[in-house]
Every structure is written in structure tokens, then in C-alpha cells.
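K.L.:
Mind having a look at this structure? Questions to follow.
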There are 2 protein chains.
Amino acid sequence: MKSNGLSKKLLSSLDHFIPDRRIRMTRVAEKNIKAAITAVGGYVPEDVLTNADLEQMVDTSDEWITTRTGIKERRILKDPTKATSYMAIQAAEKVLTKSQTAAADIDMLILATITPDMKVAATAAKVATDIGAFNAFAFDLQAACSGFLYGMSVAAAKIEAGHAKKILVVGADKMSSIVDYTDRTTCIIFGDGAGAVLMEASTNGYGREDDYLRSNGVGQAYLNIKAGGSLHPTTEETLAKGWDAIYQDGKTVFKYAVSEMAGAAQKVMERNGLTPQNLDYIIAHQANKRILDATQKRVQVGTNQLLTNIQHYGNTTAATLPLLLRDYEAHFKTGDRLLFTAFGGGFTWGASYYTWAYSLK
Amino acid sequence: MKSNGLSKKLLSSLDHFIPDRRIRMTRVAEKNIKAAITAVGGYVPEDVLTNADLEQMVDTSDEWITTRTGIKERRILKDPTKATSYMAIQAAEKVLTKSQTAAADIDMLILATITPDMKVAATAAKVATDIGAFNAFAFDLQAACSGFLYGMSVAAAKIEAGHAKKILVVGADKMSSIVDYTDRTTCIIFGDGAGAVLMEASTNGYGREDDYLRSNGVGQAYLNIKAGGSLHPTTEETLAKGWDAIYQDGKTVFKYAVSEMAGAAQKVMERNGLTPQNLDYIIAHQANKRILDATQKRVQVGTNQLLTNIQHYGNTTAATLPLLLRDYEAHFKTGDRLLFTAFGGGFTWGASYYTWAYSLK
């Protein structure tokens with residue numbers, strides 16, 4: 001601490017007179033922490049499923065898909081012996097390599113996913129062990145398309161509370177494992193992918209600034225996989241009915257998504273003094289180009305501020321936010337204001353404001 | 001702040017010379033928070049499945065079950081229209097009622113479960129909305145029998161970081177929905193149930209003291225539901241093979257469970273100066289009486305210190321810890337030292353040390 005001209009003796013005498021202050025000072029050093037994203041990585045499978053391919057599979061067209069969703073192609077993890085963990089591991093390992101972090105130093109790993117490898121046990125435990133993070137605890141977080149946003153919020157709290165120093169937050173979904181490729185309303189939307197971030201205590205004052213997160217169970221009826229749970233355990237009957245594949249009432253989901261995603265973004269902007277002028281980037285869940293366009297209009301930012309990669313990957317559920325970070329990382333500079341926002345099944349939604357903590361060379 | 005004889009003028013001049021100290025002091029008040037459990041509740045279904053009932057269903061006996069597992073009966077949620085959310089809601093509502101907490105004041109709800117109502121969307125969102133917690137965000141946490149322990153740790157961080165004020169952590173599993181009642185190695189073990197706790201900032205200095213949490217993906221092979229995920233999506237073939245029901249290699253799980261659960265408990269005891277003499281209660285996952293006995297011996301506590309209710313409910317997975325709290329709440333006094341410990345599928349395990357924050361009248 002700089003003494004600014006105060007003698008060491010005076011400071012020392014103060015320490016004697018006001019011991020409470022000394023004790024509290026010690027705790028400040030431990031507790032006054034801001035969490036920051038310090039590295040990003042991602043992985044998408046090599047196999048590409050184009051709109052032209054889909055034209056051969058269901059009654060649709062490139063023009064229809066492009067106009068409604070903005071999607072031109074998605075990646076598919078075709079190898080049936082590889083599941084969500086495979087992609088999550090690739091993404092997590094990239095983060096470790098880029099940040100030169102030893103896997104043994106990871107305290108915690110959160111895997112946001114709706115497509116775990118198995119129904120039991122947590123895929124996160126496999127991912128953590130396979131990358132060598134044997135000092136971590138790991139769990140799966142299920143909040144559909146908001147899973148990664150929720151996971152960042154949990155990781156930030158763990159770091160700010162002083163419980164953990166290095167956390168991997170991974171979003172990964174093998175959506176092709178739950179998509180019915182005869183259902184033209186859903187099969188055109190989803191793709192496979194994974195992304196990950198490392199979160200640590202900020203060393204320069206930049207990092208997590210605010211969160212506004214919400215959920216509403218009304219959404220269960222409009223975006224779901226009805227079977228495979230304790231309400232309708234999978235049977236031959238549920239399989240025949242198609243209840244084990246993802247179902248979406250697109251119109252209702254669209255209505256809620258625009259209202260809640262933009263509403264959360266606006267709330268976080270207002271209470272942090274963010275404006276379309278001083279905000280640098282919006283990292284929004286890539287569900288549908290029309291939702292993104294509507295959100296952009298509501299929040300009144302320019303098209304260059306609201307980042308997109310949906311044209312390449314479709315909706316990768318828990319992976320969209322970290323894949324955006326990976327694709328645009330080179331553009332971000334220390335101190336840039338990033339607003340994350342997502343909406344998904346549950347319903348779950350929210351917005352998080354981060355000041356970006358680093359620049360790539 | 002007491003000045004202890006220092007003149008106001010001197011303090012004022014100090015504030016001028018070392019402004020950093022003033023700023024930091026303000027933040028301490030906000031951040032130096034300890035999370036505490038402030039209310040508990042639970043729910044088990046009325047229907048009882050006794051060992052005598054099981055004798056009629058599979059080749060087993062009351063004597064065999066009692067000797068090996070300590071279980072005499074379990075509760076089963078028989079109504080097929082009611083799933084895990086039903087029990088979670090009952091448990092959560094009891095916590096709200098007991099603590100006279102308005103549902104609208106809940107900031108976050110974590111549901112630890114391996115038996116969500118549906119594969120998608122998060123059951124937590126339904127639970128939060130059905131109890132009226134419309135200002136909360138909610139997600140499902142999957143870490144099997146350690147799910148509740150992990151959930152408490154996440155909730156504690158959220159409170160200690162100042163992100164949330166009131167959090168419901170719920171553990172609920174309708175295990176009967178994933179048990180094969182022709183498999184005598186598993187059907188005798190599991191039962192249905194739910195428990196919940198309210199977590200808030202401590203007002204008396206008691207609460208969460210320490211956590212030691214770990215996971216190891218090696219466990220995926222020994223305790224799982226192979227199908228229903230992205231590796232083996234459910235098909236008629238997986239159903240025929242029994243891959244959609246819970247599988248356990250009991251011997252291997254037993255070996256790891258005793259070693260890791262007791263090891264975690266010992267680690268937390270050592271680093272917090274806890275001894276069999278000054279520790280009041282161990283709240284251990286109720287998987288199996290033999291695991292509990294072995295843990296008790298390793299940790300060297302008395303039988304009255306290691307609490308059990310497995311005889312009544314069997315293994316309710318994410319619900320065992322909060323159901324123990326519910327059943328023994330009247331015994332706990334302010335300042336009592338409680339050591340939570342769990343082990344489960346994943347593998348996942350750990351121990352958490354709490355000083356209990358209240359006494360019932």
C-alpha cells in the first residue's frame with residue numbers, strides 16, 4: 001500500500017489502535033474479487049449439413065430456411081461412437097492450451113448441455129477426468145439454450161466468493177442426437193458444437209459486471225422433449241409417438257424469446273449505463289436470425305454490434321455463446337463492453353454484462 | 001467504527017491520504033458474507049414399498065436386504081401423472097411456509113436431480129414457477145447422489161459473492177421411474193423423495209465454513225443409465241437391453257464410496273480442526289448402511305453422530321441430505337458443527353462443513 005507521505009510509524013500506530021480495520025483489510029484482499037473470462041475455445045465437427053442436403057431429406061428449400069432462420073449450414077457429429085463429451089473435451093483442451101493452464105489447476109468444470117452422453121452419470125465428470133482436471137468437481141447444468149449463460153454466472157460467483165480460482169465453463173450439445181430428421185420445423189434449425197471459457201479472478205479490473213437471469217416454467221409446454229424423464233419414461237409407445245425428439249412450438253417460442261431476451265438486455269443496459277453508443281458487442285444466443293433481428297431493433301444497436309455465426313452452425317443450444325466468443329475473439333479489446341443474452345427451453349433467459357479482460361496480440 | 005482514542009481529525013486526515021483504504025472499506029460491507037442454511041423441508045410419497053413387498057417381486061429376503069443395505073422400506077410416488085417436480089414443489093413450499101418467505105423474494109432455485117420430469121426443459125423452471133418464484137432463475141444440476149451437496153456449494157457462492165439473497169436448493173428424485181423392478185441388485189435400494197433448504201446470508205456468523213468437492217469420470221462405467229443420452233439415444237433395442245434403467249456395479253461403487261466419502265470428510269475435518277469430539281453431526285448420503293458404517297469407522301465418530309434414515313426411505317439420490325436435515329432438524333442447535341458428505345454416480349463426491357445457524361424453539 002502506498003503511504004502517500006504518512007510515516008511508517010504512524011501507520012503502525014494506527015494498526016495498533018484500530019485492529020478491526022486490520023482484520024477487515026485482510027479479508028478484503030481475499031474477497032474483493034471480480035471474475036473474468038481469460039481464454040476461449042471451441043470445436044465444431046467437420047461434417048457439414050447444408051440447406052441443399054436438407055432439401056433432399058424434408059419438404060423445405062434453401063430460400064425458405066435462409067429467410068426464416070438465417071442458417072445456411074450446420075455441423076454434425078456423425079460418428080455414432082462419439083457423443084457430447086467428445087466435443088466438450090476438444091473445446092476444453094483448446095482453452096487449456098491457449099491459456100497455458102495446467103489441467104490439474106482447474107478447480108471446477110461446469111458442462112451446460114441438454115444432450116449428456118448418458119442419462120446418468122454427469123458427462124461433466126468424464127470431461128474433467130479426460131482432460132486431466134483431477135482436482136476439479138464437475139456437474140452438468142441443464143437450462144437449455146441459457147445453460148452457458150447460467151453456467152458463467154455460477155462460475156463467476158464461485159470465483160468472487162473465493163471458493164475457486166480457475167473454472168472451465170463448457171457449453172456442448174450433440175443436437176443431432178435428439179433431432180427428428182423427418183420434422184422439417186426442427187431439423188433445419190439445430191447443429192452440433194461445443195465451446196468453452198476459462199474463468200479466473202480479474203487482474204486488471206475487467207470482468208463480470210452484472211447479471212439478470214430468469215426462468216418461467218410456462219415454457220415447458222412449448223419447447224421440450226416430452227419423454228425420457230420421470231413423467232413419461234421412454235417406452236416403445238413414446239418412441240412411436242416421437243416424444244423422444246425435440247419439439248418446438250416455434251411461434252410461441254419466438255414471441256417469448258424476442259420479448260424476454262431484449263427485455264433482459266435492456267434491463268442490464270439501463271442499470272449499468274450502457275447505451276447503443278458505448279456498448280461494443282452483443283453476444284446473443286443464435287437461435288434464429290429473425291429473433292436476432294428483432295432483438296437488435298429493440299435494443300437499437302447496429303448490425304455490426306450484434307455478432308452472428310448462425311449461418312455456419314445453426315442453433316447449437318448451449319454452445320452458441322462460447323462459439324461466438326471463439327469466432328470473434330480477435331476483435332475484442334481490453335475494456336470492451338460485451339452484453340451476453342440468451343433465451344431457451346424452460347423457459348430460461350437472461351443477460352450478463354462483462355467488460356472484456358484481454359486483447360489478443 | 002470505534003476510534004479507540006484516535007481523534008476524528010486524525011482519522012479524517014488519514015482518509016484523505018489513503019483514499020484506497022476508504023474505497024475498500026465500503027466494499028467489505030457488501031462482500032464479507034457467509035452463506036447459511038436458514039430453513040429445511042422435505043416430502044416423501046405416502047405409498048410404502050416394504051422388504052416383504054420386494055420378496056414377492058424378486059428373489060430376495062427381508063433379512064438379506066436389511067443386513068446388506070439397512071433398508072426396511074422406501075416410499076414410491078405411484079401416481080403416473082406425478083413426476084419429480086411434484087415432490088420438489090411440496091418440499092420447496094414447506095421451506096417457504098416454515099421460513100415465512102415470500103416466493104417472489106427467491107432469487108435462484110437449483111434442482112439437483114437425475115430424474116427430471118422431461119429430458120428437456122429444466123424441471124427447476126417448472127418448480128420455481130409453480131411455487132410462485134417468478135423473480136428467480138432456475139436450473140437442473142446433475143451430479144447424481146452428490147447433486148445436493150454440489151448445489152449447496154453453488155448456492156453458498158452466489159450468496160457470498162453478493163449475487164443473490166435467497167436461494168432454494170432442492171434435491172428430488174423419482175427413482176422408481178428409472179429402476180428396473182426385475183433387477184434385484186438395484187430395486188431394493190432406491191426410493192422416491194424430495195428435500196429442500198433455504199440459503200441466505202448468515203446474520204449470526206454461522207453457516208458455510210468449507211467445501212472439498214471432487215469428481216472422477218472413471219465412475220461412468222460403474223453407475224449409469226447407458227441409454228437416453230447422446231451416446232446411445234433410446235431405441236427399441238436399448239429398451240430391450242435394459243439400458244434405460246439404472247445400472248450399478250455394487251462392489252466397485254462400494255469400494256470407491258467408502259474411500260472417497262471418508263477421505264473427503266477427513267480432509268475437511270483436518271483442515272478445520274474438527275475432531276470426533278468437537279464435531280456434532282455427520283450428514284452423510286444414505287446409499288447403503290454398510291457404506292455408512294465403514295465411513296463412521298474411518299472418521300471415528302460415534303453412531304449417534306452419524307445420522308441415518310435410510311431404513312425408512314432407501315437411497316433417494318439427490319434427496320437424502322435434505323431429508324436427513326428435515327428428520328433431525330429439531331436436534332440441531334445454533335453453532336452445532338455439521339459435516340455433510342456424499343458420494344455418487346459420475347463419480348462425484350465431497351464434504352462440506354457448516355456451523356448450524358439456528359435452533360428450533
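Each chain in the C-alpha cells gets a letter, A, B and so on, in the order shown; residues start at 1 in every chain, and ligands are counted from 1 in the order they appear.
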Computed after least-squares fitting of chain B to chain A on all C-alpha atoms in order, what is the RMSD in Å?
P.N.:
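The RMSD between chain B and chain A over C-alpha atoms is 0.8 Å.
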K.L.:
Skip Val40 in chain B itself and residues of its chain fewer than 6 positions away, then list as a PyMOL selection string all residues within 9 Å of it, counting only C-alpha atoms.
P.N.:
chain B and resi 91-92+94-95+98-99+195-198+322-323+325-326+329
K.L.:
Please indicate the distance in Å from CA of Glu260 in chain B to CA of Trp349 in chain B, rounded to one decimal place.
P.N.:
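These two atoms are separated by 6.9 Å.
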K.L.:
Might you pull out every residue within 7 Å of Thr50 in chain A, with only C-alpha atoms counted and same-chain residues fewer than 5 positions away left off, and present them as a list in words?
P.N.:
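Once the adjacent positions are removed, what remains is Lys72, Glu73 and Arg74 of chain A.
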K.L.:
Would you pick out the contacts of Gly207 in chain A at 7 Å or less, using only C-alpha atoms, so that residues sharing its chain but fewer than 2 positions from it are not included, and give the list as a PDB file with C-alpha atoms, in the first residue's frame?
P.N.:
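As written to disk, around-v5.pdb reads:
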ATOM      1  CA  LYS A  34     -14.105  -9.827  -9.885  1.00  0.00           C
ATOM      2  CA  ALA A  35     -14.395 -12.843 -12.149  1.00  0.00           C
ATOM      3  CA  ALA A  36     -13.167 -12.570 -15.724  1.00  0.00           C
ATOM      4  CA  ILE A  37     -13.136 -14.676 -18.860  1.00  0.00           C
ATOM      5  CA  SER A 202      -9.576 -10.490 -12.878  1.00  0.00           C
ATOM      6  CA  GLY A 205     -10.412  -4.739 -13.007  1.00  0.00           C
ATOM      7  CA  GLU A 209     -20.215  -6.581 -14.054  1.00  0.00           C
ATOM      8  CA  TYR A 354     -18.874  -8.216 -18.934  1.00  0.00           C
ATOM      9  CA  THR A 355     -16.037  -5.834 -19.581  1.00  0.00           C
ATOM     10  CA  TRP A 356     -13.612  -7.846 -21.686  1.00  0.00           C
ATOM     11  CA  ALA A 357     -10.380  -8.585 -19.838  1.00  0.00           C
TER      12      ALA A 357
END
K.L.:
Point out the residue among A:Gln266, A:Thr203, A:Ser85, A:Thr341 with the least atom-to-atom distance to chain B, counting only C-alpha atoms.
P.N.:
A:Ser85
K.L.:
Skip Ala172 in chain B itself and residues of its chain fewer than 4 positions away, then list as a ChimeraX atom specification all residues within 6 Å of it, counting only C-alpha atoms.
P.N.:
/B:88,113,193-194,318-319
K.L.:
Mind checking which residues fall within 10 Å of Glu200 in chain A, counting only C-alpha atoms, ignoring those fewer than 5 positions away in the same chain, and posting them as a count of residues only?
P.N.:
19
K.L.:
Got a sec: who's within 10 Å of range 240-252 of chain A, counting only C-alpha atoms, leaving out chain neighbours fewer than 3 positions off, as a VMD selection string?
P.N.:
(chain A and resid 175 to 181 183 185 to 187 219 to 229 232 to 237 255 to 257 345) or (chain B and resid 118 to 121 228 233 to 236)
K.L.:
Could you pull out the alpha helix (DSSP H) residues of range 94-309 of chain B from DSSP and send them as an NGL selection string?
P.N.:
:B and (94-99 or 123-130 or 147-160 or 236-241 or 250-271 or 289-299)
K.L.:
For chain A, which residue among B:Asn51, B:Asn204, B:Ser153, B:Gln56 is the nearest when counting only C-alpha atoms?
P.N.:
B:Ser153
K.L.:
Hey, which bits of range 270-297 of chain A sit within 10 Å of range 140-150 of chain A, and for each residue what's the closest pair of atoms and how far apart in Å (one decimal), counting only C-alpha atoms, rows by chain and increasing number, as JSON lines?
P.N.:
{"residue": "A:His285", "atom": "CA", "partner": "A:Cys145", "partner_atom": "CA", "distance": 7.2}
{"residue": "A:Gln286", "atom": "CA", "partner": "A:Cys145", "partner_atom": "CA", "distance": 9.0}
{"residue": "A:Ala287", "atom": "CA", "partner": "A:Cys145", "partner_atom": "CA", "distance": 8.4}
K.L.:
Let's see if you can do this: from backbone DSSP, list all strand (DSSP E or B) residues in range 230-295 of chain A, as an mmCIF file with C-alpha atoms, in the first residue's frame.
P.N.:
data_model
loop_
_atom_site.group_PDB
_atom_site.id
_atom_site.type_symbol
_atom_site.label_atom_id
_atom_site.label_comp_id
_atom_site.auth_asym_id
_atom_site.auth_seq_id
_atom_site.Cartn_x
_atom_site.Cartn_y
_atom_site.Cartn_z
ATOM 1 C CA TYR A 247 -40.401 -30.462 -30.051
ATOM 2 C CA GLN A 248 -40.863 -26.740 -30.519
ATOM 3 C CA TYR A 281 -20.782 -6.079 -28.741
ATOM 4 C CA ILE A 282 -23.883 -8.139 -28.064
ATOM 5 C CA ILE A 283 -23.192 -11.860 -27.752
ATOM 6 C CA ALA A 284 -26.686 -13.257 -28.269
#
K.L.:
Of the candidates A:Gly151, A:Gly302, A:Gly191, A:Pro276, which shows the shortest atom-to-atom distance to chain B, using only C-alpha atoms?
P.N.:
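Ranked by minimum distance to chain B, first place goes to A:Gly151.
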